[in-house]
Every structure is written in C-alpha cells, then in structure tokens.
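Asks: Encoded as structure tokens, here's the structure I'll be asking about.
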Amino acid sequence: PFGMALIGDKLYVANTDSVVRFAYKDGQTRIEEKGTKLLDLPVGHHWTRNIMPNQDGTKLFVTVGSGSNVAENGVEKEEGRATILELDLASGRSRIFASGLRNANGMAIEPTTKTLWTVVNERDELGDDTPPDYLTSVKDGGFYGWPYTYWGQNIDQRVRPQRPDLVAAAIKPDYGLGGHTAPLGLTYYDGNALPAPFRNGMFIG
C-alpha cells in the first residue's frame with residue numbers, strides 16, 4: 001500500500017491496483033480481515049498511489065500516474081491514467097476529477113479555500129531542466145497538459161497525433177519546482193509549533 005486514510009472507523013488503503021476498505025478500532029495493530037475492494041486501478045509504469053479524503057470525509061481523491069513517459073505506447077492505453085480520481089464513498093461511483101497530470105504524488109487541501117493541491121512529476125528526455133516538476137492547485141475538470149503539452153501550452157512534439165483542443169485547454173501550473181526534482185509528498189501545515197515563516201503553507205517531500 002502507498003496511501004492510507006482513516007475516516008471514522010474505516011481505514012482506506014490505496015494499493016497499486018485498487019482501493020480497499022477495512023474496519024478499524026482505536027488501538028488496533030493488525031488487520032485480520034480481507035477487506036472490501038471499492039475501486040480497481042490501472043497498473044503498470046507509475047505504480048504509486050496516494051489517497052486523501054475531502055474535508056467532510058464523504059469522498060476520496062486518488063492519484064493514478066501515467067502508463068508511460070509521453071504516451072509512446074498509444075494514447076488509448078492511457079485511459080483513466082495521469083489523473084486524480086474522485087471516489088464517492090456512499091455510492092461507490094468514481095469519476096475523473098482532473099487529468100493531464102503525468103504522475104501526481106502527494107495531495108493536500110488548503111483549509112480556507114478548500115482547494116485541492118498536488119505535486120507532479122513531469123516527463124523525461126527533454127533535457128535536464130525541461131519541463132519543471134510542479135506544485136499546483138487542482139481545478140475540478142481541469143486538464144494540465146500531459147501528454148500533449150507541458151507548463152501550459154508548450155507542445156511536446158513527440159506526441160502524435162496532437163489534440164489542439166486539449167492544447168488550448170491546458171492549465172499552466174502554479175509553481176515550478178525545477179526539472180526532475182521528483183516531488184513525492186505534500187502536506188499543508190496549519191499548526192503553530194513551527195515559527196511564523198513555516199505556518200500556513202505547503203511542505204513538499
């Protein structure tokens with residue numbers, strides 16, 4: 001498992017290929033039950049999975065990385081990938097919350113605006129500094145470029161056929177982190193144990 005979330009007396013675990021739910025009691029140190037599978041996830045290439053509940057604990061956000069560098073095996077094989085999914089826990093239904101995120105690895109919710117944020121590992125083989133990995137807010141229904149573009153409307157010429165409609169729709173991320181910095185975790189800090197410069201901001205692993 002590469003992601004866990006505790007909501008009430010239920011523990012949700014993100015495996016490479018699925019999201020599973022277990023019953024949990026305070027003080028419990030072992031999981032004895034088989035668990036209930038809630039959602040199948042595509043496997044291969046990027047295999048880490050993160051999950052995080054929304055603020056009222058009714059939904060889970062789930063990261064699913066791409067199956068390739070720039071869809072070199074065909075865009076059709078990337079269905080459901082390079083996304084953040086939203087799983088409704090009451091109905092069991094899931095949908096693509098945002099797409100074009102090559103490999104999102106870490107999520108946080110900014111508590112004032114309730115905005116979802118993520119860090120993303122971008123594509124390779126365009127150079128040491130291009131494109132930057134990034135931290136960005138995530139819009140419901142937003143498209144962030146992969147594989148057709150990077151950092152907004154910069155077209156990746158290796159991808160064929162191109163999609164001018166998606167190029168035009170690609171959202172430029174909020175903060176560049178540098179090429180190949182490989183951000184793998186994100187948390188929002190709203191405590192007061194650290195001094196003022198570190199409060200109310202994002203920490204990236």
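Going through the structure tokens in order, the chains are called A, B, and so on, while each chain numbers its residues from 1 and the ligands are numbered from 1 in the order shown.
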Excluding same-chain residues fewer than 4 positions from Pro131 in chain A, what lies within 8 Å of it counting only C-alpha atoms, as a VMD selection string?
Replies: chain A and resid 122 to 123 126 to 127 150 to 151 178 to 179
Asks: Since we have the selection now, will you write its residues out, keeping N, CA and C atoms, as an mmCIF file, in the first residue's frame?
Replies:
data_model
loop_
_atom_site.group_PDB
_atom_site.id
_atom_site.type_symbol
_atom_site.label_atom_id
_atom_site.label_comp_id
_atom_site.auth_asym_id
_atom_site.auth_seq_id
_atom_site.Cartn_x
_atom_site.Cartn_y
_atom_site.Cartn_z
ATOM 1 N N GLU A 122 6.937 15.465 -13.787
ATOM 2 C CA GLU A 122 6.711 15.669 -15.218
ATOM 3 C C GLU A 122 7.501 14.674 -16.073
ATOM 4 N N ARG A 123 7.419 14.825 -17.386
ATOM 5 C CA ARG A 123 8.006 13.908 -18.371
ATOM 6 C C ARG A 123 9.520 14.008 -18.415
ATOM 7 N N LEU A 126 13.555 15.565 -22.248
ATOM 8 C CA LEU A 126 13.551 16.862 -22.925
ATOM 9 C C LEU A 126 14.693 17.751 -22.436
ATOM 10 N N GLY A 127 15.537 17.210 -21.564
ATOM 11 C CA GLY A 127 16.659 17.979 -21.043
ATOM 12 C C GLY A 127 16.686 17.972 -19.532
ATOM 13 N N TYR A 150 3.353 20.751 -21.957
ATOM 14 C CA TYR A 150 3.892 20.910 -20.614
ATOM 15 C C TYR A 150 3.936 22.396 -20.286
ATOM 16 N N TRP A 151 3.806 22.694 -18.995
ATOM 17 C CA TRP A 151 3.843 24.058 -18.478
ATOM 18 C C TRP A 151 2.963 24.991 -19.312
ATOM 19 N N GLY A 178 11.493 22.951 -10.564
ATOM 20 C CA GLY A 178 12.746 22.566 -11.193
ATOM 21 C C GLY A 178 12.614 21.227 -11.886
ATOM 22 N N GLY A 179 13.436 21.031 -12.912
ATOM 23 C CA GLY A 179 13.378 19.788 -13.674
ATOM 24 C C GLY A 179 13.835 18.585 -12.863
#
Asks: Identify, on the basis of only C-alpha atoms, every residue whose closest approach to Ala90 in chain A does not exceed 12 Å; exclude the query and any residue fewer than 4 positions from it along the same chain; express the result as a list of chain:residue names.
Replies: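 Residues near the query, excluding close chain neighbours: A:Leu38, A:Gly57, A:Thr58, A:Lys59, A:Leu60, A:Ser94.
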Asks: Limited to all heavy atoms, could you put the picked residues into a file as a compact mmCIF listing (two decimals), in the first residue's frame?
Replies:
# COMPACT_ATOMS: atom_id res chain seq x y z
N LEU A 38 -13.12 -1.36 -3.26
CA LEU A 38 -14.05 -0.32 -3.69
C LEU A 38 -13.83 0.13 -5.12
O LEU A 38 -14.76 0.59 -5.77
CB LEU A 38 -13.92 0.90 -2.77
CG LEU A 38 -14.11 0.66 -1.27
CD1 LEU A 38 -13.95 1.97 -0.52
CD2 LEU A 38 -15.46 0.03 -0.98
N GLY A 57 -15.11 14.13 4.57
CA GLY A 57 -14.94 12.68 4.65
C GLY A 57 -15.93 11.87 3.84
O GLY A 57 -16.08 10.67 4.08
N THR A 58 -16.56 12.48 2.85
CA THR A 58 -17.53 11.75 2.03
C THR A 58 -16.93 11.21 0.74
O THR A 58 -17.53 10.35 0.09
CB THR A 58 -18.72 12.66 1.65
OG1 THR A 58 -18.23 13.79 0.91
CG2 THR A 58 -19.45 13.14 2.90
N LYS A 59 -15.75 11.71 0.38
CA LYS A 59 -15.12 11.30 -0.88
C LYS A 59 -13.64 11.12 -0.67
O LYS A 59 -13.04 11.66 0.27
CB LYS A 59 -15.37 12.35 -1.97
CG LYS A 59 -16.84 12.54 -2.30
CD LYS A 59 -17.06 13.68 -3.27
CE LYS A 59 -18.54 13.86 -3.55
NZ LYS A 59 -18.80 15.02 -4.45
N LEU A 60 -13.03 10.33 -1.55
CA LEU A 60 -11.59 10.14 -1.56
C LEU A 60 -11.03 10.60 -2.89
O LEU A 60 -11.56 10.28 -3.95
CB LEU A 60 -11.23 8.66 -1.38
CG LEU A 60 -11.30 8.05 0.02
CD1 LEU A 60 -10.96 6.56 -0.07
CD2 LEU A 60 -10.38 8.75 0.99
N SER A 94 -17.04 6.51 -9.12
CA SER A 94 -15.83 7.31 -9.26
C SER A 94 -15.89 8.10 -10.56
O SER A 94 -16.63 7.74 -11.49
CB SER A 94 -14.58 6.43 -9.24
OG SER A 94 -14.58 5.56 -10.36
Asks: In Å, with one decimal, what is the gap from CA of Pro173 in chain A to CA of Phe198 in chain A?
Replies: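 That distance, rounded to one decimal, is 22.2 Å.
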Asks: Per residue of range 96-154 of chain A within 12 Å of range 1-15 of chain A, which atom pair is closest and at what distance in Å (one decimal), using only C-alpha atoms, listed by chain and increasing number, as JSON lines?
Replies:
{"residue": "A:Asn105", "atom": "CA", "partner": "A:Phe2", "partner_atom": "CA", "distance": 10.0}
{"residue": "A:Gly106", "atom": "CA", "partner": "A:Gly3", "partner_atom": "CA", "distance": 9.4}
{"residue": "A:Met107", "atom": "CA", "partner": "A:Gly3", "partner_atom": "CA", "distance": 10.7}
Asks: Show me, as a list in words, the residues that have an atom within 6 Å of range 72-85 of chain A when counting only C-alpha atoms, minus same-chain residues fewer than 4 positions from it.
Replies: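 The residues satisfying every condition are Phe61, Val62, Thr63, Val64, Gly65, Ser66, Arg95, Ile96, Phe97, Ala98, Ser99, Gly100, Leu101, Arg102 and Asn103 of chain A.
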Asks: Compare A:Leu39, A:Leu184, A:Ala169, A:Leu177 by their minimum atom-to-atom distance to Gly92 in chain A, counting only C-alpha atoms, and give me the closest one.
Replies: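 Selected residue with least distance to Gly92 in chain A: A:Leu39.
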Asks: Near range 200-202 of chain A, counting only C-alpha atoms, which residues have an atom at most 8 Å away, once you skip same-chain residues fewer than 5 positions from it, shown as a PyMOL selection string?
Replies: chain A and resi 186-191
Asks: Using CA of Leu41 in chain A and CA of Ser18 in chain A as the two end points, give the distance in Å to one decimal.
Replies: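 The value is 4.9 Å.
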Asks: What gap, in Å, lies between CA of Leu87 in chain A and CA of Asp40 in chain A?
Replies: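 About the pair CA of Leu87 in chain A and CA of Asp40 in chain A: they are 11.1 Å apart.
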Asks: In terms of the shortest atom-to-atom distance over only C-alpha atoms, which of A:Asp56, A:Asp17, A:Asp124, A:Asp26 is closest to Gly44 in chain A?
Replies: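 Answer, going by the shortest atom-to-atom distance: A:Asp17.
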Asks: DSSP on the backbone: what in range 2-188 of chain A comes out strand (DSSP E or B), as a VMD selection string?
Replies: chain A and resid 3 to 7 10 to 14 18 to 23 36 to 40 51 to 53 59 to 64 83 to 88 94 to 99 104 to 110 115 to 120 132 to 138 143 149 to 150 154 to 155 175 to 179 186 to 188
Asks: Could you pull the residues within 8 Å of Val70 in chain A, counting only C-alpha atoms, minus those fewer than 2 positions along the same chain, as a PyMOL selection string?
Replies: chain A and resi 68+72+123+146-148+158-159
Asks: Keeping only N, CA, C and O atoms, write the selected residues as a short mmCIF file (atom, residue, chain, number, x, y, z; two decimals), in the first residue's frame.
Replies:
data_model
loop_
_atom_site.label_atom_id
_atom_site.label_comp_id
_atom_site.auth_asym_id
_atom_site.auth_seq_id
_atom_site.Cartn_x
_atom_site.Cartn_y
_atom_site.Cartn_z
N SER A 68 3.24 5.65 -19.09
CA SER A 68 4.39 5.81 -19.98
C SER A 68 4.99 7.19 -19.76
O SER A 68 4.51 7.97 -18.93
N GLU A 72 3.95 6.97 -25.47
CA GLU A 72 4.63 6.37 -26.62
C GLU A 72 4.05 5.02 -27.01
O GLU A 72 4.31 4.53 -28.12
N ARG A 123 7.42 14.82 -17.39
CA ARG A 123 8.01 13.91 -18.37
C ARG A 123 9.52 14.01 -18.41
O ARG A 123 10.12 14.95 -17.91
N TRP A 146 -0.57 16.88 -19.95
CA TRP A 146 0.06 15.63 -20.35
C TRP A 146 -0.89 14.80 -21.22
O TRP A 146 -2.05 14.69 -20.90
N PRO A 147 -0.38 14.18 -22.31
CA PRO A 147 1.00 14.22 -22.80
C PRO A 147 1.25 15.31 -23.83
O PRO A 147 2.38 15.48 -24.29
N TYR A 148 0.22 16.04 -24.22
CA TYR A 148 0.33 16.92 -25.38
C TYR A 148 1.18 18.15 -25.13
O TYR A 148 1.90 18.61 -26.02
N ARG A 158 6.87 15.22 -29.61
CA ARG A 158 6.98 13.77 -29.71
C ARG A 158 5.63 13.08 -29.74
O ARG A 158 5.53 11.90 -30.13
N VAL A 159 4.59 13.77 -29.35
CA VAL A 159 3.27 13.15 -29.22
C VAL A 159 2.49 13.31 -30.52
O VAL A 159 2.30 14.41 -31.02
#
Asks: Could you check which of A:Ala71, A:Asp128, A:Glu32, A:Ala104 is closest to Gln162 in chain A, using only C-alpha atoms?
Replies: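 Distance minimum relative to Gln162 in chain A lands on A:Ala71.
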